[in-house]
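Enquirer: Just coords-v7.txt, nothing more (compact mmCIF, C-alpha atoms):
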# COMPACT_ATOMS: atom_id res chain seq x y z
CA MET A 630 12.46 1.79 -22.67
CA ASP A 631 15.18 4.42 -22.25
CA LYS A 632 18.20 4.66 -24.51
CA GLU A 633 20.63 3.53 -21.82
CA THR A 634 18.80 0.22 -21.35
CA LEU A 635 18.64 -0.40 -25.09
CA MET A 636 22.39 -0.11 -25.30
CA LEU A 637 23.19 -2.54 -22.46
CA THR A 638 24.44 -6.00 -23.37
CA VAL A 639 23.60 -8.87 -21.05
CA ALA A 640 25.46 -12.19 -21.21
CA VAL A 641 23.52 -15.19 -19.93
CA LEU A 642 26.09 -17.90 -19.14
CA GLY A 643 24.54 -21.34 -19.06
CA GLY A 644 21.88 -19.70 -21.20
CA THR A 645 21.05 -23.00 -22.90
CA GLY A 646 19.48 -24.24 -19.63
CA LYS A 647 15.82 -23.66 -18.89
CA GLU A 648 16.26 -20.85 -16.36
CA GLY A 649 18.85 -19.01 -18.45
CA LYS A 650 16.83 -19.36 -21.63
CA GLY A 651 13.71 -18.05 -19.90
CA LEU A 652 15.50 -14.98 -18.56
CA ALA A 653 17.23 -14.34 -21.90
CA TYR A 654 13.87 -14.52 -23.69
CA ARG A 655 12.24 -12.01 -21.34
CA TRP A 656 15.16 -9.57 -21.50
CA ALA A 657 15.45 -9.83 -25.29
CA LYS A 658 11.75 -8.99 -25.54
CA ALA A 659 12.39 -5.94 -23.34
CA GLY A 660 15.06 -4.65 -25.72
CA TYR A 661 18.32 -5.76 -24.13
CA LYS A 662 21.07 -7.13 -26.38
CA ILE A 663 21.55 -10.73 -25.29
CA LEU A 664 24.59 -12.97 -25.58
CA ILE A 665 23.89 -16.62 -24.81
CA GLY A 666 26.99 -18.32 -23.36
CA SER A 667 27.64 -22.04 -23.10
CA ARG A 668 30.52 -24.45 -22.61
CA THR A 669 29.39 -25.78 -26.01
CA PRO A 670 29.14 -22.75 -28.34
CA GLU A 671 27.08 -24.62 -30.97
CA LYS A 672 24.37 -25.17 -28.35
CA ALA A 673 24.45 -21.46 -27.50
CA VAL A 674 24.01 -20.58 -31.18
CA SER A 675 21.03 -22.90 -31.50
CA THR A 676 19.40 -21.58 -28.29
CA ALA A 677 19.85 -18.02 -29.58
CA ALA A 678 18.09 -19.04 -32.80
CA GLU A 679 15.22 -20.61 -30.81
CA ILE A 680 14.72 -17.43 -28.80
CA ILE A 681 14.69 -15.27 -31.94
CA GLU A 682 12.11 -17.66 -33.40
CA MET A 683 9.96 -17.30 -30.28
CA MET A 684 10.11 -13.55 -30.91
CA ASP A 685 9.05 -13.98 -34.55
CA GLY A 686 12.48 -13.08 -35.86
CA SER A 687 13.00 -9.87 -33.88
CA GLY A 688 15.42 -9.19 -31.02
CA SER A 689 19.20 -9.23 -30.65
CA VAL A 690 20.29 -12.66 -29.39
CA VAL A 691 23.66 -14.23 -30.28
CA GLY A 692 25.26 -17.49 -29.07
CA MET A 693 28.95 -18.07 -28.24
CA SER A 694 31.29 -19.50 -25.57
CA ASN A 695 30.94 -18.40 -21.93
CA PRO A 696 34.21 -16.36 -21.85
CA GLU A 697 33.41 -14.61 -25.14
CA ALA A 698 29.93 -13.71 -23.93
CA ALA A 699 31.28 -12.42 -20.61
CA GLU A 700 33.95 -10.33 -22.34
CA GLN A 701 31.48 -8.55 -24.65
CA ALA A 702 28.78 -7.87 -22.02
CA ASP A 703 28.09 -5.07 -19.56
CA ILE A 704 26.16 -7.39 -17.24
CA VAL A 705 27.07 -11.08 -16.86
CA VAL A 706 24.37 -13.41 -15.52
CA LEU A 707 25.32 -16.93 -14.38
CA THR A 708 22.63 -19.64 -14.58
CA VAL A 709 24.63 -22.88 -14.43
CA PRO A 710 24.03 -25.77 -12.00
CA TYR A 711 26.09 -25.39 -8.83
CA SER A 712 28.41 -28.23 -9.91
CA ALA A 713 29.67 -25.97 -12.75
CA HIS A 714 29.78 -22.75 -10.67
CA ARG A 715 33.47 -22.65 -9.79
CA ASP A 716 34.76 -23.79 -13.21
CA THR A 717 32.66 -21.21 -15.03
CA LEU A 718 33.85 -18.43 -12.73
CA GLU A 719 37.49 -19.46 -13.25
CA ALA A 720 36.92 -19.38 -17.01
CA ILE A 721 35.61 -15.78 -17.02
CA LYS A 722 37.38 -14.06 -14.14
CA ASP A 723 40.07 -12.43 -16.30
CA VAL A 724 37.48 -10.48 -18.29
CA MET A 725 35.17 -9.47 -15.41
CA LYS A 726 36.87 -6.34 -14.05
CA GLY A 727 34.46 -3.37 -14.03
CA LYS A 728 31.44 -5.48 -14.93
CA LEU A 729 28.30 -6.36 -12.98
CA PHE A 730 27.99 -10.07 -12.16
CA VAL A 731 24.56 -11.54 -11.37
CA ASP A 732 24.60 -14.96 -9.73
CA VAL A 733 21.42 -17.03 -10.14
CA THR A 734 23.15 -20.17 -8.83
CA VAL A 735 21.64 -22.12 -5.94
CA PRO A 736 24.15 -24.29 -4.07
CA LEU A 737 21.96 -27.39 -4.01
CA VAL A 738 23.73 -30.56 -2.86
CA PRO A 739 21.98 -33.63 -4.35
CA PRO A 740 20.27 -35.76 -3.27
CA LYS A 741 19.17 -33.57 -0.31
CA VAL A 742 18.15 -30.56 -2.38
CA SER A 743 15.40 -29.60 0.06
CA LYS A 744 17.97 -29.07 2.85
CA VAL A 745 19.94 -25.82 2.98
CA GLN A 746 23.65 -26.64 2.60
CA MET A 747 25.71 -23.51 2.01
CA PRO A 748 29.39 -23.51 0.96
CA PRO A 749 32.04 -22.24 3.41
CA ALA A 750 31.93 -18.73 1.85
CA GLY A 751 28.33 -18.44 3.14
CA SER A 752 26.49 -18.66 -0.20
CA ALA A 753 27.18 -19.23 -3.89
CA ALA A 754 27.20 -15.48 -4.49
CA GLN A 755 29.75 -14.88 -1.71
CA GLU A 756 31.86 -17.67 -3.22
CA ALA A 757 31.66 -15.82 -6.56
CA LYS A 758 32.75 -12.64 -4.79
CA GLU A 759 35.82 -14.42 -3.39
CA LEU A 760 36.69 -15.94 -6.79
CA LEU A 761 36.15 -12.85 -8.94
CA GLY A 762 38.01 -10.55 -6.54
CA GLU A 763 38.04 -6.75 -6.33
CA GLY A 764 36.52 -4.53 -9.01
CA VAL A 765 33.48 -6.68 -9.79
CA GLU A 766 30.04 -5.90 -8.37
CA ILE A 767 28.20 -9.07 -7.32
CA VAL A 768 24.43 -9.42 -7.14
CA ALA A 769 22.46 -12.56 -6.22
CA SER A 770 18.97 -12.81 -7.66
CA PHE A 771 16.30 -14.78 -9.59
CA GLN A 772 16.96 -18.04 -7.64
CA ASN A 773 13.34 -18.57 -6.63
CA VAL A 774 11.59 -18.09 -9.95
CA SER A 775 10.39 -21.24 -11.68
CA HIS A 776 11.69 -21.53 -15.25
CA GLU A 777 8.28 -22.82 -16.45
CA HIS A 778 6.97 -19.34 -15.77
CA LEU A 779 9.65 -17.43 -17.63
CA LEU A 780 9.13 -18.96 -21.07
CA GLY A 781 5.40 -18.23 -20.99
CA GLU A 782 3.72 -14.86 -21.21
CA ALA A 783 1.77 -15.16 -17.98
CA SER A 784 2.57 -13.05 -14.94
CA VAL A 785 4.81 -14.81 -12.42
CA ASP A 786 3.43 -15.31 -8.92
CA CYS A 787 6.83 -14.93 -7.21
CA ASP A 788 8.65 -11.80 -6.09
CA VAL A 789 12.37 -11.46 -6.74
CA LEU A 790 14.71 -10.56 -3.87
CA VAL A 791 17.88 -8.76 -4.97
CA THR A 792 20.93 -8.77 -2.70
CA GLY A 793 24.36 -7.47 -3.68
CA THR A 794 27.59 -5.66 -2.99
CA SER A 795 26.27 -2.13 -3.60
CA LYS A 796 22.99 -0.29 -3.88
CA ASN A 797 23.84 0.83 -7.43
CA ALA A 798 24.43 -2.75 -8.51
CA ARG A 799 21.16 -3.88 -6.89
CA HIS A 800 19.26 -1.07 -8.62
CA GLU A 801 20.71 -2.05 -12.02
CA VAL A 802 19.46 -5.61 -11.42
CA LEU A 803 16.07 -4.34 -10.23
CA LYS A 804 15.74 -2.86 -13.73
CA LEU A 805 16.37 -6.35 -15.16
CA VAL A 806 13.72 -7.75 -12.80
CA GLU A 807 11.20 -5.22 -14.02
CA ALA A 808 12.20 -5.79 -17.66
CA ALA A 809 11.44 -9.50 -17.13
CA GLY A 810 7.93 -8.58 -15.96
CA LEU A 811 8.62 -9.47 -12.33
CA ILE A 812 8.28 -7.65 -9.02
CA GLY A 813 11.64 -7.00 -7.36
CA TRP A 814 12.83 -5.89 -3.92
CA ASP A 815 16.17 -4.49 -2.82
CA ALA A 816 16.88 -7.08 -0.11
CA GLY A 817 20.17 -5.67 1.14
CA PRO A 818 23.85 -6.57 1.28
CA ILE A 819 25.45 -9.63 -0.32
CA GLU A 820 25.50 -11.37 3.09
CA ASN A 821 21.69 -11.62 2.78
CA SER A 822 22.07 -13.84 -0.30
CA VAL A 823 22.08 -16.91 2.00
CA VAL A 824 18.39 -16.26 2.62
CA VAL A 825 17.47 -15.97 -1.05
CA GLU A 826 19.55 -18.95 -2.18
CA GLY A 827 18.39 -21.05 0.81
CA LEU A 828 14.78 -20.13 0.17
CA THR A 829 14.99 -22.27 -2.98
CA SER A 830 15.51 -25.38 -0.83
CA VAL A 831 12.62 -24.33 1.41
CA LEU A 832 10.37 -23.94 -1.66
CA ILE A 833 11.49 -27.34 -3.01
CA TYR A 834 10.58 -28.82 0.39
CA ILE A 835 7.18 -27.11 0.34
CA ASN A 836 6.57 -28.39 -3.22
CA LYS A 837 7.22 -31.97 -2.07
CA GLN A 838 5.29 -31.63 1.16
CA TYR A 839 2.17 -29.95 -0.23
CA GLY A 840 2.10 -31.45 -3.73
CA SER A 841 2.75 -28.20 -5.56
CA THR A 842 5.08 -27.74 -8.51
CA HIS A 843 6.22 -24.15 -8.28
CA SER A 844 5.66 -22.47 -4.96
CA GLY A 845 7.06 -18.96 -4.57
CA ILE A 846 6.96 -15.98 -2.24
CA ARG A 847 5.39 -12.56 -2.13
CA ILE A 848 6.49 -9.71 0.11
CA THR A 849 3.52 -8.29 2.04
CA GLY A 850 3.02 -5.07 3.99
CA ALA A 851 5.33 -2.94 1.84
CA ASP A 852 5.11 -1.05 -1.46
CA ASN A 853 8.05 -1.31 -3.84
CA LYS A 854 7.12 1.74 -5.92
CA MET B 1335 -10.44 -27.61 20.18
CA ASP B 1336 -9.62 -31.24 20.92
CA LYS B 1337 -8.96 -32.52 24.42
CA GLU B 1338 -5.27 -33.16 23.78
CA THR B 1339 -4.64 -29.51 22.91
CA LEU B 1340 -6.49 -28.32 25.99
CA MET B 1341 -4.21 -30.37 28.18
CA LEU B 1342 -0.93 -29.07 26.70
CA THR B 1343 1.07 -26.55 28.69
CA VAL B 1344 3.18 -24.01 26.81
CA ALA B 1345 5.94 -22.03 28.51
CA VAL B 1346 6.80 -18.72 26.88
CA LEU B 1347 10.27 -17.75 28.11
CA GLY B 1348 10.93 -14.06 27.74
CA GLY B 1349 7.15 -13.83 27.71
CA THR B 1350 7.22 -10.32 29.16
CA GLY B 1351 8.60 -9.02 25.83
CA LYS B 1352 6.28 -7.88 23.07
CA GLU B 1353 6.64 -10.92 20.80
CA GLY B 1354 6.30 -13.43 23.66
CA LYS B 1355 3.34 -11.62 25.16
CA GLY B 1356 1.57 -11.53 21.80
CA LEU B 1357 2.06 -15.26 21.21
CA ALA B 1358 1.04 -16.10 24.80
CA TYR B 1359 -2.13 -14.05 24.40
CA ARG B 1360 -3.12 -15.79 21.18
CA TRP B 1361 -2.42 -19.28 22.55
CA ALA B 1362 -4.21 -18.59 25.83
CA LYS B 1363 -7.27 -17.49 23.81
CA ALA B 1364 -7.06 -20.78 21.89
CA GLY B 1365 -7.22 -22.78 25.12
CA TYR B 1366 -3.59 -23.65 25.84
CA LYS B 1367 -2.35 -23.44 29.42
CA ILE B 1368 0.32 -20.74 29.39
CA LEU B 1369 3.29 -20.24 31.68
CA ILE B 1370 5.01 -16.88 31.27
CA GLY B 1371 8.71 -17.14 32.12
CA SER B 1372 11.10 -14.28 32.86
CA ARG B 1373 14.48 -13.67 34.47
CA THR B 1374 12.46 -11.43 36.80
CA PRO B 1375 9.53 -13.57 38.07
CA GLU B 1376 7.56 -10.52 39.35
CA LYS B 1377 7.47 -9.17 35.80
CA ALA B 1378 6.22 -12.53 34.55
CA VAL B 1379 3.43 -12.48 37.16
CA SER B 1380 2.37 -8.99 36.12
CA THR B 1381 2.43 -9.87 32.38
CA ALA B 1382 0.29 -12.95 33.11
CA ALA B 1383 -2.21 -10.69 34.91
CA GLU B 1384 -2.27 -8.29 31.94
CA ILE B 1385 -3.01 -11.10 29.50
CA ILE B 1386 -5.83 -12.44 31.68
CA GLU B 1387 -7.25 -8.90 31.83
CA MET B 1388 -7.11 -8.69 28.01
CA MET B 1389 -9.15 -11.89 28.00
CA ASP B 1390 -11.72 -10.41 30.46
CA GLY B 1391 -10.57 -12.63 33.27
CA SER B 1392 -10.64 -15.94 31.46
CA GLY B 1393 -7.74 -18.16 30.37
CA SER B 1394 -4.98 -20.02 32.18
CA VAL B 1395 -1.89 -17.81 32.34
CA VAL B 1396 0.63 -17.93 35.19
CA GLY B 1397 3.96 -16.09 35.64
CA MET B 1398 7.19 -17.51 37.12
CA SER B 1399 10.94 -17.83 36.51
CA ASN B 1400 12.21 -19.20 33.19
CA PRO B 1401 13.49 -22.54 34.62
CA GLU B 1402 10.26 -23.14 36.57
CA ALA B 1403 8.15 -22.45 33.49
CA ALA B 1404 10.31 -24.73 31.32
CA GLU B 1405 10.12 -27.53 33.90
CA GLN B 1406 6.32 -27.50 34.10
CA ALA B 1407 5.66 -27.22 30.34
CA ASP B 1408 5.23 -29.70 27.49
CA ILE B 1409 6.35 -27.15 24.90
CA VAL B 1410 8.93 -24.46 25.70
CA VAL B 1411 8.99 -21.36 23.48
CA LEU B 1412 11.96 -18.97 23.66
CA THR B 1413 11.33 -15.32 22.74
CA VAL B 1414 14.32 -13.52 24.27
CA PRO B 1415 16.68 -11.13 22.43
CA TYR B 1416 19.66 -12.97 20.95
CA SER B 1417 21.97 -11.47 23.59
CA ALA B 1418 20.14 -13.56 26.23
CA HIS B 1419 19.83 -16.72 24.09
CA ARG B 1420 22.77 -18.73 25.44
CA ASP B 1421 22.27 -17.82 29.11
CA THR B 1422 18.58 -18.73 28.99
CA LEU B 1423 19.35 -22.07 27.33
CA GLU B 1424 22.00 -22.84 29.97
CA ALA B 1425 19.46 -22.04 32.71
CA ILE B 1426 16.86 -24.50 31.38
CA LYS B 1427 18.83 -27.30 29.78
CA ASP B 1428 18.65 -29.64 32.78
CA VAL B 1429 14.84 -29.77 32.62
CA MET B 1430 14.41 -30.00 28.83
CA LYS B 1431 14.82 -33.73 28.17
CA GLY B 1432 11.80 -35.12 26.31
CA LYS B 1433 10.26 -31.70 25.68
CA LEU B 1434 9.67 -29.76 22.50
CA PHE B 1435 11.69 -26.55 22.24
CA VAL B 1436 10.54 -23.74 19.92
CA ASP B 1437 13.13 -21.08 19.16
CA VAL B 1438 11.75 -17.70 18.05
CA THR B 1439 15.16 -16.05 18.46
CA VAL B 1440 16.71 -14.10 15.60
CA PRO B 1441 20.50 -13.75 15.84
CA LEU B 1442 20.55 -10.03 15.06
CA VAL B 1443 23.91 -8.34 15.63
CA PRO B 1444 23.37 -4.61 16.35
CA PRO B 1445 23.87 -2.12 14.86
CA LYS B 1446 23.73 -3.95 11.48
CA VAL B 1447 20.43 -5.74 12.11
CA SER B 1448 19.49 -5.62 8.43
CA LYS B 1449 22.52 -7.77 7.53
CA VAL B 1450 22.36 -11.54 8.01
CA GLN B 1451 25.04 -12.56 10.52
CA MET B 1452 24.57 -16.15 11.66
CA PRO B 1453 26.46 -17.76 14.58
CA PRO B 1454 29.01 -20.54 13.85
CA ALA B 1455 26.37 -23.24 14.50
CA GLY B 1456 24.54 -21.97 11.38
CA SER B 1457 21.54 -20.35 13.09
CA ALA B 1458 20.21 -19.59 16.57
CA ALA B 1459 18.07 -22.75 16.46
CA GLN B 1460 21.05 -24.93 15.54
CA GLU B 1461 22.96 -23.29 18.38
CA ALA B 1462 20.09 -24.27 20.71
CA LYS B 1463 20.27 -27.82 19.36
CA GLU B 1464 23.98 -27.99 20.24
CA LEU B 1465 23.39 -26.54 23.71
CA LEU B 1466 20.33 -28.60 24.66
CA GLY B 1467 21.82 -31.87 23.39
CA GLU B 1468 20.13 -35.18 22.61
CA GLY B 1469 16.54 -35.93 23.58
CA VAL B 1470 15.10 -32.48 22.86
CA GLU B 1471 13.20 -31.73 19.65
CA ILE B 1472 14.06 -28.28 18.28
CA VAL B 1473 11.81 -26.20 16.08
CA ALA B 1474 12.50 -22.69 14.73
CA SER B 1475 9.47 -20.56 13.99
CA PHE B 1476 7.55 -17.27 14.35
CA GLN B 1477 10.65 -15.10 13.67
CA ASN B 1478 9.04 -13.04 10.91
CA VAL B 1479 5.76 -12.07 12.54
CA SER B 1480 5.50 -8.51 13.77
CA HIS B 1481 4.48 -8.31 17.44
CA GLU B 1482 2.16 -5.38 16.71
CA HIS B 1483 -0.03 -7.84 14.87
CA LEU B 1484 -0.19 -10.47 17.58
CA LEU B 1485 -1.72 -8.36 20.32
CA GLY B 1486 -4.53 -7.21 18.05
CA GLU B 1487 -7.42 -9.26 16.73
CA ALA B 1488 -6.77 -8.59 13.05
CA SER B 1489 -5.54 -11.28 10.71
CA VAL B 1490 -1.78 -11.26 10.22
CA ASP B 1491 -0.50 -10.72 6.68
CA CYS B 1492 2.57 -12.95 7.14
CA ASP B 1493 2.91 -16.70 6.75
CA VAL B 1494 4.89 -18.69 9.32
CA LEU B 1495 7.64 -21.05 8.15
CA VAL B 1496 8.28 -23.96 10.53
CA THR B 1497 11.63 -25.78 10.41
CA GLY B 1498 12.76 -28.39 12.92
CA THR B 1499 14.44 -31.64 13.88
CA SER B 1500 11.51 -33.93 13.05
CA LYS B 1501 8.27 -33.90 11.13
CA ASN B 1502 6.31 -34.70 14.32
CA ALA B 1503 7.82 -31.72 16.10
CA ARG B 1504 7.07 -29.44 13.15
CA HIS B 1505 3.47 -30.65 13.03
CA GLU B 1506 3.02 -29.97 16.76
CA VAL B 1507 4.22 -26.40 16.14
CA LEU B 1508 2.00 -26.04 13.06
CA LYS B 1509 -0.91 -26.60 15.48
CA LEU B 1510 0.40 -23.67 17.56
CA VAL B 1511 0.62 -21.55 14.39
CA GLU B 1512 -2.98 -22.32 13.56
CA ALA B 1513 -4.08 -21.74 17.15
CA ALA B 1514 -2.51 -18.26 16.91
CA GLY B 1515 -4.67 -17.54 13.85
CA LEU B 1516 -1.73 -17.69 11.43
CA ILE B 1517 -0.98 -19.62 8.25
CA GLY B 1518 1.90 -22.08 8.69
CA TRP B 1519 4.10 -24.15 6.39
CA ASP B 1520 6.29 -27.16 7.13
CA ALA B 1521 9.54 -25.71 5.75
CA GLY B 1522 11.78 -28.71 6.35
CA PRO B 1523 14.76 -29.74 8.46
CA ILE B 1524 16.42 -27.61 11.14
CA GLU B 1525 19.21 -26.69 8.68
CA ASN B 1526 16.59 -24.58 6.84
CA SER B 1527 16.19 -22.36 9.92
CA VAL B 1528 18.95 -20.10 8.56
CA VAL B 1529 16.51 -18.96 5.87
CA VAL B 1530 13.71 -18.18 8.30
CA GLU B 1531 15.90 -16.43 10.85
CA GLY B 1532 17.80 -14.57 8.12
CA LEU B 1533 14.57 -13.50 6.47
CA THR B 1534 13.99 -11.25 9.49
CA SER B 1535 17.05 -9.18 8.53
CA VAL B 1536 15.84 -9.05 4.92
CA LEU B 1537 12.42 -7.80 6.08
CA ILE B 1538 14.05 -5.19 8.36
CA TYR B 1539 16.06 -4.03 5.33
CA ILE B 1540 12.92 -3.85 3.20
CA ASN B 1541 11.14 -1.89 5.93
CA LYS B 1542 13.95 0.70 5.96
CA GLN B 1543 14.29 0.81 2.19
CA TYR B 1544 10.60 1.10 1.29
CA GLY B 1545 9.32 2.99 4.34
CA SER B 1546 7.15 0.17 5.66
CA THR B 1547 6.86 -0.88 9.29
CA HIS B 1548 6.00 -4.55 9.17
CA SER B 1549 6.69 -6.26 5.88
CA GLY B 1550 6.16 -10.01 5.80
CA ILE B 1551 5.97 -12.91 3.35
CA ARG B 1552 3.34 -15.12 1.82
CA ILE B 1553 3.95 -18.46 0.17
CA THR B 1554 2.34 -18.57 -3.29
CA GLY B 1555 1.56 -21.41 -5.69
CA ALA B 1556 0.88 -24.01 -2.98
CA ASP B 1557 -2.04 -25.00 -0.73
CA ASN B 1558 -1.27 -25.81 2.89
CA LYS B 1559 -4.55 -27.64 3.56
Would you mind writing the structure in this file as structure tokens?
Expert:
Amino acid sequence: MDKETLMLTVAVLGGTGKEGKGLAYRWAKAGYKILIGSRTPEKAVSTAAEIIEMMDGSGSVVGMSNPEAAEQADIVVLTVPYSAHRDTLEAIKDVMKGKLFVDVTVPLVPPKVSKVQMPPAGSAAQEAKELLGEGVEIVASFQNVSHEHLLGEASVDCDVLVTGTSKNARHEVLKLVEAAGLIGWDAGPIENSVVVEGLTSVLIYINKQYGSTHSGIRITGADNK
Amino acid sequence: MDKETLMLTVAVLGGTGKEGKGLAYRWAKAGYKILIGSRTPEKAVSTAAEIIEMMDGSGSVVGMSNPEAAEQADIVVLTVPYSAHRDTLEAIKDVMKGKLFVDVTVPLVPPKVSKVQMPPAGSAAQEAKELLGEGVEIVASFQNVSHEHLLGEASVDCDVLVTGTSKNARHEVLKLVEAAGLIGWDAGPIENSVVVEGLTSVLIYINKQYGSTHSGIRITGADNK
């Protein structure tokens, strides 16, 4: 763990949900300072306490409101359901300038969650880019990883594709992927986020069709080292 | 090989290209009757002769124009570059009623082929659906498989995702996937084709970024048997 990583603060908005909590737990274990954000700050405080308990009392994990967490963080990770995507972005956009925003949102449209249905912007991440405006780097990632895997210690049988507005931003998030014990790939510009977000619907379809619970993907024929 | 499969005729339009030739070769070996289609029928005839030579003189492979091949086939597979997609569809649409159409086209927009850039219809396959109209089943598949692999005998380290307008149509194409010696997955409705087509740009990006030549994907955590 280098000093730079130890000093970075990561806000996980919607961090009381299963996916957010799993990511927060893995990053806290890796030494990042974690701020759990929620629309209900008391819930964020109690999730932070649960994560610290899972780590036997160690780690830096604090709960607060979404805008407070975003304001104090270097990297802001959004893990809310798509129905809360726009409202959460509106609530934090004034404090986002100069920060790195990581969108984990999948634009699922119930009840047909196994059918790809992207918003007019092209993807949730591109919608975030429109809403947050200039001066914020946007990365889309972690959409395909099953939350059941993240809260355990086992290795996760799913690679993580990282798309985003700049190579520097993607590389910063690839460090988060590695810190979470996952295998990551720079998957190109933010326009490619439609593939990664949409892949979640494909995997949900495969789960239903083949009776699995957490299908994933691996990249073959390349070496990410 | 059951009798039904032996009786099916598959047209491979653009079958003189590397991808089409590779698929035609694998299906001919599996016992399908193959019609190679091309805008230049002489080229189709010579490609058909090459494939028969690769099979030591066995197999049923005949070359002709694209519309002739489409008319005589049960299943019509399109493997042309995206720049020829619309014109080829216009040339065959009058003979397509009641047939199964398999779109292998990836809507790459040079020079930025590693960036996903879908047409207004949502994907090349959805564009084909609009152009071919009612009464034609549309399936999108085989976009991610490197042609170098298909002309060899080795196993291919890339799974094939099959999306399409009906489960029956997808299952018919899953038989073609298996006949080509590949592992296939029913990946859901035609709207999901954006993921599979777009994944080609992601894999091209990964190839450039990590110095590989034919990256692919595997589905994990599920069993397709």
Enquirer: Find the residues near His714 (chain A): any atom within 12 Å, counting all atoms listed in the file, skip ones fewer than 5 places away on the same chain, and give them as a short mmCIF file (atom, residue, chain, number, x, y, z; two decimals) with C-alpha atoms, keeping the file's coordinate frame.
Expert:
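Result saved to out.cif:
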data_model
loop_
_atom_site.label_atom_id
_atom_site.label_comp_id
_atom_site.auth_asym_id
_atom_site.auth_seq_id
_atom_site.Cartn_x
_atom_site.Cartn_y
_atom_site.Cartn_z
CA LEU A 642 26.09 -17.90 -19.14
CA GLY A 643 24.54 -21.34 -19.06
CA VAL A 706 24.37 -13.41 -15.52
CA LEU A 707 25.32 -16.93 -14.38
CA THR A 708 22.63 -19.64 -14.58
CA VAL A 709 24.63 -22.88 -14.43
CA GLU A 719 37.49 -19.46 -13.25
CA ALA A 720 36.92 -19.38 -17.01
CA ILE A 721 35.61 -15.78 -17.02
CA ASP A 732 24.60 -14.96 -9.73
CA VAL A 733 21.42 -17.03 -10.14
CA THR A 734 23.15 -20.17 -8.83
CA VAL A 735 21.64 -22.12 -5.94
CA PRO A 736 24.15 -24.29 -4.07
CA LEU A 737 21.96 -27.39 -4.01
CA PRO A 748 29.39 -23.51 0.96
CA SER A 752 26.49 -18.66 -0.20
CA ALA A 753 27.18 -19.23 -3.89
CA ALA A 754 27.20 -15.48 -4.49
CA GLN A 755 29.75 -14.88 -1.71
CA GLU A 756 31.86 -17.67 -3.22
CA ALA A 757 31.66 -15.82 -6.56
CA LEU A 760 36.69 -15.94 -6.79
CA LEU A 761 36.15 -12.85 -8.94
#
Enquirer: Do a neighbour search on Thr1350 (chain B) at 9 Å with all atoms listed in the file, toss out local chain neighbours closer than 4 positions, and write the hits as number ranges by chain.
Expert: B: 1346, 1354-1355, 1370-1372, 1377-1378, 1380-1382
Enquirer: Just write the chosen residues, C-alpha atoms, as an mmCIF file, in the coordinates of the input.
Expert:
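part_24.cif written:
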data_model
loop_
_atom_site.group_PDB
_atom_site.id
_atom_site.type_symbol
_atom_site.label_atom_id
_atom_site.label_comp_id
_atom_site.auth_asym_id
_atom_site.auth_seq_id
_atom_site.Cartn_x
_atom_site.Cartn_y
_atom_site.Cartn_z
ATOM 1 C CA VAL B 1346 6.800 -18.720 26.880
ATOM 2 C CA GLY B 1354 6.300 -13.430 23.660
ATOM 3 C CA LYS B 1355 3.340 -11.620 25.160
ATOM 4 C CA ILE B 1370 5.010 -16.880 31.270
ATOM 5 C CA GLY B 1371 8.710 -17.140 32.120
ATOM 6 C CA SER B 1372 11.100 -14.280 32.860
ATOM 7 C CA LYS B 1377 7.470 -9.170 35.800
ATOM 8 C CA ALA B 1378 6.220 -12.530 34.550
ATOM 9 C CA SER B 1380 2.370 -8.990 36.120
ATOM 10 C CA THR B 1381 2.430 -9.870 32.380
ATOM 11 C CA ALA B 1382 0.290 -12.950 33.110
#
Enquirer: Of the candidates B:Leu1485, B:Leu1516, B:Val1479, B:Ile1409, which one gets nearest to Ala1503 (chain B) if we count all atoms listed in the file?
Expert: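 That would be B:Ile1409, the residue with the smallest distance to Ala1503 (chain B).
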Enquirer: Hey, what's within 8 Å of region 682-689 of chain A if we count only C-alpha atoms and toss same-chain stuff fewer than 3 positions away? As a list in words, please?
Expert: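 Listed by chain and then number, they are Ala657, Lys658, Gly660, Tyr661, Lys662, Ile663, Ala678 and Glu679 of chain A.
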Enquirer: Report, as lines of an AutoDock Vina configuration file, the centre and edge lengths in Å (one decimal) of the axis-aligned box enclosing every listed atom of region 789-798 of chain A, padded by 4 Å on each side.
Expert:
center_x = 20.0
center_y = -5.3
center_z = -5.6
size_x = 23.2
size_y = 20.3
size_z = 13.8
Enquirer: Hey, what's within 7 Å of Glu1353 (chain B) if we count only C-alpha atoms and toss same-chain stuff fewer than 3 positions away? As a ChimeraX atom specification, please?
Expert: /B:1356-1357,1413,1481
Enquirer: What does the structure give for the distance between CA of Ser784 (chain A) and CA of Ser1489 (chain B), in Å to one decimal?
Expert: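 The value is 27.0 Å.
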Enquirer: Calculate how many Å separate CA of Lys1427 (chain B) from CA of Ala1407 (chain B), rounding to one decimal.
Expert: 13.2 Å
Enquirer: Enter the distance from CA of Glu697 (chain A) to CA of Phe771 (chain A), in Å, rounded to one decimal.
Expert: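 Separation of CA of Glu697 (chain A) and CA of Phe771 (chain A): 23.1 Å.
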Enquirer: My list of candidates is B:Ala1404, B:Leu1484, B:Ala1474, B:Ile1386. Which is closest to Thr1343 (chain B) when distances are computed with all atoms listed in the file?
Expert: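 Comparing B:Ala1404, B:Leu1484, B:Ala1474, B:Ile1386 against Thr1343 (chain B), the winner is B:Ala1404.
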